Structures are given as structure tokens and as C-alpha cells.
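Colleague: My structure file my_file-v4.pdb, PDB, C-alpha atoms, is below:
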```pdb
ATOM      1  CA  MET J   1      79.612 102.244  90.077
ATOM      2  CA  TYR J   2      80.843  99.359  92.207
ATOM      3  CA  ARG J   3      78.866  96.256  92.978
ATOM      4  CA  THR J   4      77.726  95.138  96.402
ATOM      5  CA  SER J   5      79.519  92.138  97.849
ATOM      6  CA  ALA J   6      77.382  89.671  99.785
ATOM      7  CA  VAL J   7      79.108  86.941 101.767
ATOM      8  CA  ASP J   8      76.952  84.574 103.811
ATOM      9  CA  GLU J   9      79.633  83.174 106.105
ATOM     10  CA  VAL J  10      83.277  83.921 106.956
ATOM     11  CA  ILE J  11      85.369  81.524 109.024
ATOM     12  CA  LEU J  12      88.785  82.938 109.858
ATOM     13  CA  ASN J  13      91.057  81.082 112.252
ATOM     14  CA  SER J  14      93.819  83.605 112.843
ATOM     15  CA  LEU J  15      94.615  87.164 111.874
ATOM     16  CA  ALA J  16      98.157  88.128 112.783
ATOM     17  CA  SER J  17     100.966  90.640 112.255
ATOM     18  CA  SER J  18      99.182  93.807 111.117
ATOM     19  CA  SER J  19      96.728  91.992 108.865
ATOM     20  CA  ILE J  20      93.326  93.408 108.068
ATOM     21  CA  LEU J  21      89.839  91.968 107.708
ATOM     22  CA  GLN J  22      87.836  94.744 106.151
ATOM     23  CA  THR J  23      84.149  94.617 105.354
ATOM     24  CA  GLY J  24      82.813  97.569 103.419
ATOM     25  CA  ASP J  25      84.085  99.778 100.644
ATOM     26  CA  THR J  26      87.485 101.412 100.815
ATOM     27  CA  GLU J  27      88.991 104.362  98.991
ATOM     28  CA  LYS J  28      92.663 103.602  99.498
ATOM     29  CA  ILE J  29      94.736 100.970 101.294
ATOM     30  CA  GLN J  30      98.495 100.938 101.840
ATOM     31  CA  CYS J  31     100.223  98.068 103.624
ATOM     32  CA  PHE J  32     103.890  97.409 104.260
ATOM     33  CA  SER J  33     105.635  94.461 105.832
ATOM     34  CA  ALA J  34     109.332  94.036 106.620
ATOM     35  CA  ALA J  35     110.457  90.738 108.099
ATOM     36  CA  LEU J  36     113.802  89.438 109.230
ATOM     37  CA  ALA J  37     113.521  85.665 109.519
ATOM     38  CA  ILE J  38     116.426  84.290 111.520
ATOM     39  CA  GLN J  39     116.976  80.579 111.939
ATOM     40  CA  ARG J  40     119.641  80.035 114.555
ATOM     41  CA  GLU J  41     121.534  76.938 115.508
ATOM     42  CA  ARG J  42     121.457  77.982 119.138
ATOM     43  CA  THR J  43     118.530  79.789 120.670
ATOM     44  CA  ASP J  44     119.590  83.026 122.274
ATOM     45  CA  PHE J  45     116.605  85.075 123.340
ATOM     46  CA  GLY J  46     116.559  88.736 124.234
ATOM     47  CA  ARG J  47     119.740  89.842 122.489
ATOM     48  CA  PHE J  48     118.481  90.976 119.089
ATOM     49  CA  ASP J  49     119.416  94.516 118.257
ATOM     50  CA  ILE J  50     119.688  94.493 114.479
ATOM     51  CA  PRO J  51     118.969  97.663 112.475
ATOM     52  CA  LEU J  52     116.951  96.767 109.360
ATOM     53  CA  ASN J  53     118.665  99.429 107.244
ATOM     54  CA  LYS J  54     121.904  97.443 107.396
ATOM     55  CA  TYR J  55     120.366  95.050 104.881
ATOM     56  CA  ASP J  56     119.988  96.135 101.266
ATOM     57  CA  ILE J  57     116.644  94.416 100.745
ATOM     58  CA  PHE J  58     114.870  96.817 103.098
ATOM     59  CA  SER J  59     116.111  99.942 101.317
ATOM     60  CA  GLN J  60     116.120  98.857  97.675
ATOM     61  CA  PRO J  61     113.032  99.953  95.719
ATOM     62  CA  VAL J  62     110.696  97.213  94.538
ATOM     63  CA  VAL J  63     109.684  97.799  90.944
ATOM     64  CA  VAL J  64     105.911  97.677  90.596
ATOM     65  CA  PRO J  65     104.180  98.264  87.258
ATOM     66  CA  VAL J  66     102.129 101.428  87.216
ATOM     67  CA  CYS J  67      98.442 101.195  86.295
ATOM     68  CA  PRO J  68      97.774 102.846  82.938
ATOM     69  CA  SER J  69      95.310 105.684  83.129
ATOM     70  CA  VAL J  70      92.059 104.663  81.499
ATOM     71  CA  GLN J  71      90.541 107.625  79.722
ATOM     72  CA  ILE J  72      87.084 106.249  79.045
ATOM     73  CA  LYS J  73      85.825 103.471  81.255
ATOM     74  CA  LYS J  74      82.237 102.393  81.158
ATOM     75  CA  THR J  75      80.946  99.765  83.542
ATOM     76  CA  PHE J  76      77.461  98.359  83.295
ATOM     77  CA  ASN J  77      76.425  96.142  86.183
ATOM     78  CA  ALA J  78      73.688  93.873  84.899
ATOM     79  CA  CYS J  79      73.690  92.183  88.303
ATOM     80  CA  PRO J  80      74.672  94.567  91.123
ATOM     81  CA  PHE J  81      75.827  91.814  93.491
ATOM     82  CA  ILE J  82      78.880  89.626  93.952
ATOM     83  CA  ARG J  83      77.655  86.683  95.978
ATOM     84  CA  VAL J  84      79.852  84.241  97.894
ATOM     85  CA  GLY J  85      78.452  81.457 100.032
ATOM     86  CA  LYS J  86      81.278  80.674 102.451
ATOM     87  CA  ILE J  87      84.871  81.792 102.940
ATOM     88  CA  ASP J  88      87.073  79.527 105.023
ATOM     89  CA  ILE J  89      90.614  80.771 105.699
ATOM     90  CA  LEU J  90      93.071  79.285 108.164
ATOM     91  CA  GLY J  91      95.416  82.229 108.534
ATOM     92  CA  VAL J  92      96.041  85.766 107.362
ATOM     93  CA  SER J  93      99.397  87.234 108.340
ATOM     94  CA  SER J  94     102.138  89.784 107.634
ATOM     95  CA  SER J  95     100.161  92.778 106.381
ATOM     96  CA  ALA J  96      97.908  90.619 104.226
ATOM     97  CA  LEU J  97      94.350  91.591 103.537
ATOM     98  CA  LEU J  98      90.937  89.939 103.423
ATOM     99  CA  HIS J  99      88.654  92.518 101.924
ATOM    100  CA  ILE J 100      84.928  92.118 101.395
ATOM    101  CA  GLY J 101      83.770  95.136  99.432
ATOM    102  CA  SER J 102      85.142  97.354  96.735
ATOM    103  CA  VAL J 103      88.458  99.176  96.651
ATOM    104  CA  ASN J 104      89.539 102.142  94.614
ATOM    105  CA  GLU J 105      93.269 101.820  95.050
ATOM    106  CA  MET J 106      95.517  99.472  96.982
ATOM    107  CA  THR J 107      99.285  99.297  97.362
ATOM    108  CA  LEU J 108     100.870  96.442  99.259
ATOM    109  CA  GLN J 109     104.535  95.678  99.704
ATOM    110  CA  SER J 110     106.538  93.068 101.552
ATOM    111  CA  ARG J 111     110.227  92.503 102.119
ATOM    112  CA  VAL J 112     111.649  89.365 103.684
ATOM    113  CA  LYS J 113     115.254  88.585 104.541
ATOM    114  CA  HIS J 114     116.126  85.055 105.556
ATOM    115  CA  ILE J 115     119.225  84.322 107.598
ATOM    116  CA  ARG J 116     120.513  80.930 108.620
ATOM    117  CA  ASN J 117     122.895  81.322 111.504
ATOM    118  CA  PHE J 118     125.328  78.555 112.418
ATOM    119  CA  LEU J 119     128.023  78.691 115.016
ATOM    120  CA  LYS J 120     130.397  76.713 112.799
ATOM    121  CA  ASN J 121     130.286  75.856 109.084
ATOM    122  CA  PRO J 122     127.944  72.909 108.509
ATOM    123  CA  TYR J 123     129.232  72.411 104.919
ATOM    124  CA  PRO J 124     133.058  72.405 105.188
ATOM    125  CA  GLU J 125     133.479  70.087 102.180
ATOM    126  CA  ILE J 126     131.737  72.536  99.787
ATOM    127  CA  GLU J 127     134.015  75.377 100.767
ATOM    128  CA  GLU J 128     137.066  73.216 100.138
ATOM    129  CA  GLU J 129     135.917  72.395  96.585
ATOM    130  CA  GLU J 130     135.395  76.061  95.738
ATOM    131  CA  SER J 131     138.816  77.123  96.990
TER     132      SER J 131
ATOM    133  CA  MET P   1      92.016 103.771  75.616
ATOM    134  CA  LYS P   2      88.335 102.929  75.640
ATOM    135  CA  PHE P   3      87.277 100.270  78.076
ATOM    136  CA  CYS P   4      83.749  98.916  78.433
ATOM    137  CA  VAL P   5      82.777  96.256  80.967
ATOM    138  CA  THR P   6      79.457  94.485  81.477
ATOM    139  CA  ASN P   7      79.129  92.571  84.743
ATOM    140  CA  HIS P   8      76.583  89.785  84.806
ATOM    141  CA  GLU P   9      75.755  87.497  87.687
ATOM    142  CA  LEU P  10      78.690  86.291  89.794
ATOM    143  CA  PHE P  11      78.038  83.645  92.420
ATOM    144  CA  VAL P  12      80.770  81.659  94.164
ATOM    145  CA  GLY P  13      79.700  78.790  96.391
ATOM    146  CA  GLU P  14      82.682  78.284  98.684
ATOM    147  CA  ILE P  15      86.233  79.611  98.999
ATOM    148  CA  ASN P  16      88.732  77.541 100.965
ATOM    149  CA  ILE P  17      92.187  79.028 101.619
ATOM    150  CA  ILE P  18      94.959  77.745 103.875
ATOM    151  CA  GLY P  19      96.951  80.939 104.195
ATOM    152  CA  VAL P  20      97.206  84.514 103.019
ATOM    153  CA  GLY P  21     100.577  86.007 103.832
ATOM    154  CA  LEU P  22     103.173  88.670 103.062
ATOM    155  CA  SER P  23     101.103  91.549 101.722
ATOM    156  CA  SER P  24      98.766  89.374  99.672
ATOM    157  CA  VAL P  25      95.121  90.115  99.010
ATOM    158  CA  VAL P  26      91.863  88.191  99.012
ATOM    159  CA  LEU P  27      89.315  90.548  97.543
ATOM    160  CA  VAL P  28      85.583  89.990  97.223
ATOM    161  CA  GLY P  29      84.539  93.057  95.289
ATOM    162  CA  ASP P  30      85.598  95.468  92.583
ATOM    163  CA  ALA P  31      88.870  97.333  92.360
ATOM    164  CA  ASP P  32      90.248 100.062  90.156
ATOM    165  CA  CYS P  33      93.945  99.764  90.834
ATOM    166  CA  ILE P  34      96.010  97.143  92.671
ATOM    167  CA  ASN P  35      99.764  97.456  93.195
ATOM    168  CA  LEU P  36     101.571  94.573  94.853
ATOM    169  CA  GLY P  37     105.308  94.272  95.352
ATOM    170  CA  SER P  38     107.446  91.717  97.116
ATOM    171  CA  ALA P  39     111.139  91.246  97.762
ATOM    172  CA  PHE P  40     112.329  87.939  99.135
ATOM    173  CA  ASP P  41     116.000  87.419  99.897
ATOM    174  CA  THR P  42     117.454  83.979 100.597
ATOM    175  CA  PRO P  43     120.775  83.817  98.742
ATOM    176  CA  PRO P  44     123.569  81.412  99.706
ATOM    177  CA  GLU P  45     125.186  84.375 101.465
ATOM    178  CA  SER P  46     122.316  84.345 103.925
ATOM    179  CA  LEU P  47     124.186  81.595 105.703
ATOM    180  CA  VAL P  48     125.897  83.417 108.547
ATOM    181  CA  LEU P  49     128.597  81.807 110.612
ATOM    182  CA  GLY P  50     129.450  82.987 114.084
ATOM    183  CA  THR P  51     127.521  85.164 116.456
ATOM    184  CA  SER P  52     127.287  88.514 114.626
ATOM    185  CA  LEU P  53     124.230  88.757 112.362
ATOM    186  CA  VAL P  54     124.724  92.365 111.277
ATOM    187  CA  PRO P  55     126.483  92.879 107.924
ATOM    188  CA  LEU P  56     129.626  94.984 108.014
TER     189      LEU P  56
END
```
Using the file provided, produce a representation of the structure as C-alpha cells.
Modeller:
Amino acid sequence: MYRTSAVDEVILNSLASSSILQTGDTEKIQCFSAALAIQRERTDFGRFDIPLNKYDIFSQPVVVPVCPSVQIKKTFNACPFIRVGKIDILGVSSSALLHIGSVNEMTLQSRVKHIRNFLKNPYPEIEEEES
Amino acid sequence: MKFCVTNHELFVGEINIIGVGLSSVVLVGDADCINLGSAFDTPPESLVLGTSLVPL
């Protein structure tokens, strides 16, 4: 039913933060990534104790279109191979996926909240115009 | 729905990617169903003043 994937060479520099390099066929994959990216004016290590559920973005549902059910699907593989010469990737991160082979079903989701933290307002003139 | 596919030869010489991030996929193969979702939040309110980062 599925074709065979043939890759001659894979060069992958870094694989970080729950990422996957999978060779071979897969039935089902589910990945989830939640990130709180904090840019602080003053570095203050070792004092982070922030519950993620305080932020709406980590609890709100992400609307993903549902695959329509295909009643009759016919696939004819005239050539049973997918051939790739070389794959060169610098980085795979944050629950991302490099998959060589066929997949039946995959569901991936990511949520990112950015926070810029200043000790005092860096844009006082803007606030004055608004008020 | 009736859906017929004929796959002929597929040969890719070289793939060069800088980065794959945040629940993205690079797939060399066939797939039946792919669901990807992403929420990215950087509103102006994300600018936090003071020391407390937790919303009230």
C-alpha cells in the first residue's frame, strides 16, 4: 500500500527538545510542545516557578481541520520507491519530526507564549499618548 | 468520495533545510492523515513590567 522510502545520506546537526528522527513506517504519531519564551531585562536564574495553566494559550483548544473520511481510495504505485539523494538539516527542535518512511496518522501541536519582561517601562512616551 | 492515485517515479536529489521547529514535519514517505496545530502568542500585552511574570 505504501511506498518504500530510500534515502542515501542524512546529515543532521542537532536534534533537541523532544524531537524525533524516525526511520521506518509508523502507525500513529502524536507530539505536543508547550513553550514559555521569556526575554528578561535582568537575568535572574533559578527563580522560575510559573504554572503554565495561568496562561490562556496553553488551555485554549487549537482548531485543526478534521480529515474527511475517504470511502473509496485506490492507490497504484507504478514505482514502489521514493528516492532522495541527500538530506541536510541544521536543526530539529521543539517536538518537530524528521520522518523517513510512511505514516498512517500524525497529530502535532505546539503552543508558544512570548513574554518580554522589563523592570521599568521602556516606552513611556507611547503610554502618555494613549492616556 | 472516490479517490484514485497513481504514483510514478519520484526522485529528489538533495534537500537542504536550516531548521525544523515547533511541531513541524519533514516527511519522506506516504501519509494518510496529518493534523498540525500551532498557537503563537506575542501580543503587546506580553510586555510585562516589574518582577512578577504570572498573570493575576
Colleague: Taking (90.3, 98.9, 99.8) as a centre in this file's frame and 9 Å as the limit, can you find every polymer residue with an atom that close, using only C-alpha atoms, and give them as number ranges by chain?
Modeller: J: 22, 24-30, 99-106; P: 27, 31
Colleague: Any idea what the distance is between atom CA of J:Pro124 and atom CA of J:Ile50?
Modeller: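 Value for the atom CA of J:Pro124-atom CA of J:Ile50 distance: 27.4 Å.
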Colleague: Name the residues in contact with P:Phe3 at a cut-off of 10 Å, using all atoms listed in the file, excluding same-chain residues fewer than 2 positions from it; report them as number ranges by chain.
Modeller: J: 70-75; P: 1, 5
Colleague: Care to translate the PyMOL selection byres ((chain J) within 6 of (chain P)) into actual residues of this file, as a ChimeraX atom specification?
Modeller: /J:5,64,70-79,82-120
Colleague: So the first atom is atom CA of J:Ala35 and the second is atom CA of J:Tyr123; what is the distance between them in Å, to one decimal place?
Modeller: 26.4 Å
Colleague: Nearest residue to J:Ala6 out of J:Pro80, J:Leu52, J:Val66, J:Phe45, using all atoms listed in the file?
Modeller: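 Using all atoms listed in the file, J:Ala6 sits closest to J:Pro80.
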Colleague: Quick one: distance from atom CA of J:Asp49 to atom CA of J:Ser18 in Å, one decimal?
Modeller: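 Atom CA of J:Ser18 lies 21.5 Å from atom CA of J:Asp49.
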Colleague: Padding 5 Å on every side, please: axis-aligned box over the listed atoms of stretch 81-91 of chain J, centre and edge lengths to one decimal in Å, as lines of an AutoDock Vina configuration file.
Modeller:
```
center_x = 85.6
center_y = 85.5
center_z = 101.0
size_x = 29.6
size_y = 22.5
size_z = 25.0
```
